[in-house]
$ cat data37.txt   # compact mmCIF, C-alpha atoms and all ligand atoms
# COMPACT_ATOMS: atom_id res chain seq x y z
CA MET O 1 43.35 72.63 55.00
CA LEU O 2 41.72 75.70 53.43
CA LYS O 3 41.17 74.55 49.87
CA ALA O 4 39.12 77.23 48.13
CA LEU O 5 36.86 80.21 48.64
CA GLU O 6 33.88 81.00 46.43
CA LEU O 7 32.38 84.46 46.42
CA HIS O 8 29.28 85.80 44.74
CA GLY O 9 28.02 89.31 45.37
CA PHE O 10 30.39 89.70 48.32
CA LYS O 11 31.73 93.27 48.49
CA SER O 12 33.72 93.97 45.29
CA PHE O 13 33.31 90.36 44.05
CA ALA O 14 30.10 90.78 42.06
CA ASP O 15 30.71 87.89 39.70
CA LYS O 16 31.03 84.37 40.96
CA THR O 17 34.71 84.01 41.86
CA ARG O 18 36.62 80.96 43.02
CA LEU O 19 39.98 81.39 44.73
CA GLU O 20 42.13 78.29 45.12
CA PHE O 21 44.51 77.75 48.01
CA PRO O 22 46.76 74.87 46.99
CA ALA O 23 49.17 73.29 49.50
CA GLY O 24 51.96 75.65 50.49
CA ILE O 25 51.80 79.38 50.77
CA THR O 26 49.36 81.56 48.85
CA VAL O 27 50.10 85.22 48.44
CA VAL O 28 47.48 87.67 47.23
CA VAL O 29 48.85 90.73 45.48
CA GLY O 30 47.11 93.68 43.87
CA PRO O 31 46.91 97.46 43.91
CA ASN O 32 45.25 99.38 46.72
CA GLY O 33 41.51 98.89 46.78
CA SER O 34 41.61 95.84 44.52
CA GLY O 35 39.92 93.59 47.09
CA LYS O 36 42.72 91.80 48.97
CA SER O 37 41.33 92.59 52.39
CA ASN O 38 37.82 91.80 51.14
CA ILE O 39 39.00 88.19 50.80
CA VAL O 40 39.96 88.09 54.47
CA ASP O 41 36.65 89.76 55.34
CA ALA O 42 34.84 87.01 53.41
CA ILE O 43 36.61 84.26 55.36
CA LYS O 44 35.70 85.90 58.67
CA TRP O 45 32.16 86.54 57.53
CA VAL O 46 31.43 83.01 56.39
CA LEU O 47 32.74 81.69 59.71
CA GLY O 48 30.17 83.77 61.53
CA GLU O 49 31.56 87.25 62.08
CA GLN O 50 28.67 89.27 63.52
CA SER O 51 30.33 92.65 63.75
CA ALA O 52 29.90 94.83 60.65
CA LYS O 53 32.66 97.05 61.98
CA SER O 54 35.11 94.18 62.08
CA LEU O 55 34.24 93.65 58.41
CA ARG O 56 35.02 97.32 57.82
CA GLY O 57 31.39 98.27 57.21
CA LYS O 58 28.60 100.11 59.04
CA GLU O 59 25.93 97.45 58.77
CA MET O 60 25.82 93.85 57.67
CA ALA O 61 24.25 94.72 54.28
CA ASP O 62 27.52 96.51 53.46
CA VAL O 63 28.97 93.12 52.50
CA ILE O 64 26.56 92.97 49.55
CA PHE O 65 27.90 94.27 46.23
CA LYS O 66 26.65 97.84 46.08
CA GLY O 67 26.98 98.36 42.34
CA SER O 68 29.53 100.29 40.37
CA SER O 69 28.77 103.29 38.20
CA ALA O 70 32.22 103.00 36.61
CA HIS O 71 31.37 99.50 35.40
CA GLY O 72 27.68 100.16 34.88
CA ARG O 73 26.66 97.48 37.34
CA LYS O 74 23.60 97.49 39.51
CA PRO O 75 23.67 96.65 43.22
CA MET O 76 23.03 93.01 44.03
CA ASN O 77 20.41 91.66 46.38
CA ALA O 78 22.46 89.06 48.14
CA ALA O 79 26.00 88.17 49.11
CA GLU O 80 27.24 84.63 49.35
CA ALA O 81 30.53 83.09 50.36
CA THR O 82 31.56 79.45 50.61
CA ILE O 83 34.72 78.27 52.27
CA ILE O 84 35.93 74.84 51.25
CA PHE O 85 38.07 72.83 53.64
CA ASP O 86 39.98 69.76 52.63
CA ASN O 87 38.89 67.17 55.19
CA ALA O 88 40.73 64.16 53.75
CA GLU O 89 42.51 63.75 57.09
CA GLY O 90 39.27 63.97 59.02
CA THR O 91 40.35 67.06 60.94
CA LEU O 92 36.79 68.32 61.04
CA PRO O 93 34.18 66.18 62.80
CA ILE O 94 32.20 65.54 59.62
CA ASP O 95 32.38 62.34 57.63
CA ALA O 96 33.16 63.88 54.24
CA PRO O 97 36.41 64.50 52.34
CA GLU O 98 35.47 68.15 51.79
CA VAL O 99 33.55 70.47 54.05
CA HIS O 100 31.74 73.44 52.52
CA VAL O 101 30.58 76.20 54.83
CA THR O 102 28.29 78.75 53.17
CA ARG O 103 26.81 81.98 54.42
CA ARG O 104 24.26 84.04 52.56
CA VAL O 105 22.68 87.33 53.41
CA PHE O 106 19.92 89.24 51.65
CA ARG O 107 19.22 92.98 51.64
CA SER O 108 16.10 92.28 53.66
CA GLY O 109 18.46 91.29 56.47
CA GLU O 110 17.63 87.61 56.26
CA GLY O 111 20.44 85.19 56.00
CA GLU O 112 21.46 81.59 56.45
CA TYR O 113 24.37 79.25 57.04
CA LEU O 114 24.88 75.91 55.36
CA ILE O 115 27.30 73.07 56.02
CA ASN O 116 27.76 70.85 52.99
CA ARG O 117 24.69 72.52 51.51
CA HIS O 118 22.41 71.72 54.45
CA PRO O 119 20.99 74.70 56.33
CA CYS O 120 22.35 74.92 59.86
CA ARG O 121 22.68 77.31 62.77
CA LEU O 122 25.57 79.68 63.38
CA ARG O 123 26.25 77.52 66.42
CA ASP O 124 26.89 74.52 64.22
CA VAL O 125 29.48 76.50 62.26
CA LYS O 126 31.13 77.62 65.50
CA ASP O 127 31.11 74.06 66.86
CA LEU O 128 32.65 72.80 63.66
CA CYS O 129 35.56 75.23 63.91
CA ARG O 130 36.20 75.15 67.63
CA GLY O 131 39.64 73.82 68.50
CA THR O 132 40.84 73.86 64.92
CA GLY O 133 42.33 77.34 64.92
CA ILE O 134 39.87 78.28 62.23
CA GLY O 135 37.32 80.91 63.12
CA THR O 136 36.57 84.54 63.64
CA ASP O 137 38.42 84.93 66.92
CA ALA O 138 40.92 82.13 66.51
CA TYR O 139 44.59 82.68 65.83
CA SER O 140 44.48 81.71 62.16
CA ILE O 141 43.64 85.23 61.04
CA ILE O 142 46.29 87.66 62.22
CA GLU O 143 45.35 91.07 60.93
CA GLN O 144 47.12 94.39 60.99
CA GLY O 145 47.25 95.46 64.63
CA LYS O 146 46.46 92.01 65.99
CA VAL O 147 50.07 91.36 66.96
CA ASP O 148 50.08 94.50 69.12
CA THR O 149 46.76 93.55 70.66
CA LEU O 150 48.09 90.12 71.50
CA LEU O 151 51.25 91.51 73.09
CA GLN O 152 49.22 93.95 75.17
CA ALA O 153 46.55 91.44 76.15
CA SER O 154 46.11 90.28 79.73
CA PRO O 155 47.77 86.95 80.55
CA ARG O 156 44.30 85.44 80.71
CA ASP O 157 43.33 86.58 77.20
CA ARG O 158 46.67 85.56 75.81
CA ARG O 159 46.28 82.14 77.37
CA ALA O 160 42.95 81.73 75.53
CA VAL O 161 44.77 82.12 72.22
CA PHE O 162 47.22 79.37 73.16
CA GLU O 163 44.42 77.13 74.37
CA GLU O 164 42.71 77.49 71.03
CA ALA O 165 45.99 76.74 69.25
CA ALA O 166 46.51 73.65 71.40
CA GLY O 167 43.00 72.47 70.66
CA ILE O 168 41.90 72.64 74.31
CA SER O 169 39.18 75.26 73.95
CA ARG O 170 36.85 72.77 72.28
CA PHE O 171 36.79 70.70 75.50
CA LYS O 172 36.59 73.76 77.74
CA ALA O 173 33.44 74.90 75.93
CA LYS O 174 31.87 71.44 76.25
CA LYS O 175 32.76 71.34 79.98
CA LEU O 176 31.13 74.73 80.59
CA GLU O 177 28.06 73.60 78.70
CA THR O 178 27.77 70.46 80.84
CA GLN O 179 28.21 72.39 84.07
CA ARG O 180 25.43 74.79 83.14
CA ARG O 181 22.89 71.98 82.80
P1 LIG C 1 44.82 97.95 50.25
O1 LIG C 1 46.02 97.52 49.49
O2 LIG C 1 44.64 99.44 50.23
O3 LIG C 1 44.72 97.35 51.61
P2 LIG C 1 42.83 96.04 49.34
O4 LIG C 1 43.26 95.27 48.13
O5 LIG C 1 42.94 95.36 50.65
O6 LIG C 1 43.57 97.44 49.36
P3 LIG C 1 40.04 96.12 49.87
O7 LIG C 1 39.95 96.92 51.12
O8 LIG C 1 39.91 94.65 49.98
O9 LIG C 1 41.35 96.51 49.07
O10 LIG C 1 38.94 96.59 48.83
C1 LIG C 1 38.33 97.82 48.92
C2 LIG C 1 37.45 98.00 47.71
O11 LIG C 1 36.29 97.18 47.86
C3 LIG C 1 37.00 99.42 47.56
O12 LIG C 1 37.22 99.79 46.24
C4 LIG C 1 35.53 99.37 47.87
O13 LIG C 1 34.79 100.27 47.09
C5 LIG C 1 35.18 97.96 47.48
N1 LIG C 1 33.99 97.51 48.20
C6 LIG C 1 33.83 97.34 49.53
N2 LIG C 1 32.56 97.00 49.82
C7 LIG C 1 31.92 96.93 48.63
C8 LIG C 1 30.57 96.64 48.25
N3 LIG C 1 29.64 96.33 49.17
N4 LIG C 1 30.25 96.67 46.96
C9 LIG C 1 31.19 96.98 46.02
N5 LIG C 1 32.45 97.28 46.31
C10 LIG C 1 32.82 97.26 47.59
MG MG C 2 43.87 95.83 52.47
$ encode --input "data37.txt" --output "structure tokens"
Amino acid sequence: MLKALELHGFKSFADKTRLEFPAGITVVVGPNGSGKSNIVDAIKWVLGEQSAKSLRGKEMADVIFKGSSAHGRKPMNAAEATIIFDNAEGTLPIDAPEVHVTRRVFRSGEGEYLINRHPCRLRDVKDLCRGTGIGTDAYSIIEQGKVDTLLQASPRDRRAVFEEAAGISRFKAKKLETQRR
């Protein structure tokens, strides 16, 4: 369902870069420090990751291209990432064959999210992803160490992962929301 990822000014991806994920398995290879993990960071970031640490930085502005003396490039003022989902099957609750989720952040600290180029709230991005397995704390991103964490998790936490995988968490969240009113 993940179709492509576009990066501009995100970490080491200074130039506008489009990565395609055709059907099947995509493998990213490259030497150490070439930016493989930065791609995973970008996917987490665009889906609303709020923790700079989880993106392997100190502060959120660390996702912005910081310049490179080796390549004679100046730091950039903004980072942008767009994740493109194929929605031909209507998996996402949006009436469009493709869903673009964009996040932008400026050095000033300001930032924004867009769904299909319309500004939206982080909540809208979270709502869009809930129950799909896509998302910052969903099971679709299994990083180094995550397997151990999952094995050592409490039964309750582990259950949450399965509920997300089964698509139940979307309804749980709605139920909680209704009860709070
Ligand atoms: P490994 O095989 O060691 O895991 P990797 O391919 O996963 O390597 P990454 O961790 O994705 O590599 O990339 C790290 C590189 O990204 C470093 O060279 C680092 O300088 C660069 N980098 C990280 N943040 C920025 C930034 N804000 N601006 C420019 N470059 C950055
Ligand atoms: Mg890596």
$ closest_residue --input "data37.txt" --among "O:Met76, O:Ile168, O:Val63, O:Val99" --to "ligand LIG 1 (chain C)" --atoms "all atoms listed in the file"
O:Val63
$ residues_near_ligand --input "data37.txt" --ligand "ligand MG 2 (chain C)" --cutoff "12 Å" --atoms "only C-alpha atoms and all ligand atoms" --output "PyMOL selection string"
chain O and resi 28-41+55-56+143-144
$ closest_residue --input "data37.txt" --among "O:Ala166, O:Ile84, O:Cys120, O:Val125" --to "Glu98 in chain O" --atoms "only C-alpha atoms"
O:Ile84
$ axis_aligned_box --input "data37.txt" --around "ligand LIG 1 (chain C)" --padding-each-side "3 Å" --output "lines of an AutoDock Vina configuration file"
center_x = 37.8
center_y = 97.5
center_z = 48.8
size_x = 22.4
size_y = 11.6
size_z = 11.6
$ closest_residue --input "data37.txt" --among "O:Thr178, O:Ser69, O:Ala138, O:Glu110" --to "Asp157 in chain O" --atoms "all atoms listed in the file"
O:Ala138
$ closest_residue --input "data37.txt" --among "O:Lys172, O:Arg159, O:Arg180, O:Lys66" --to "Gly9 in chain O" --atoms "all atoms listed in the file"
O:Lys66
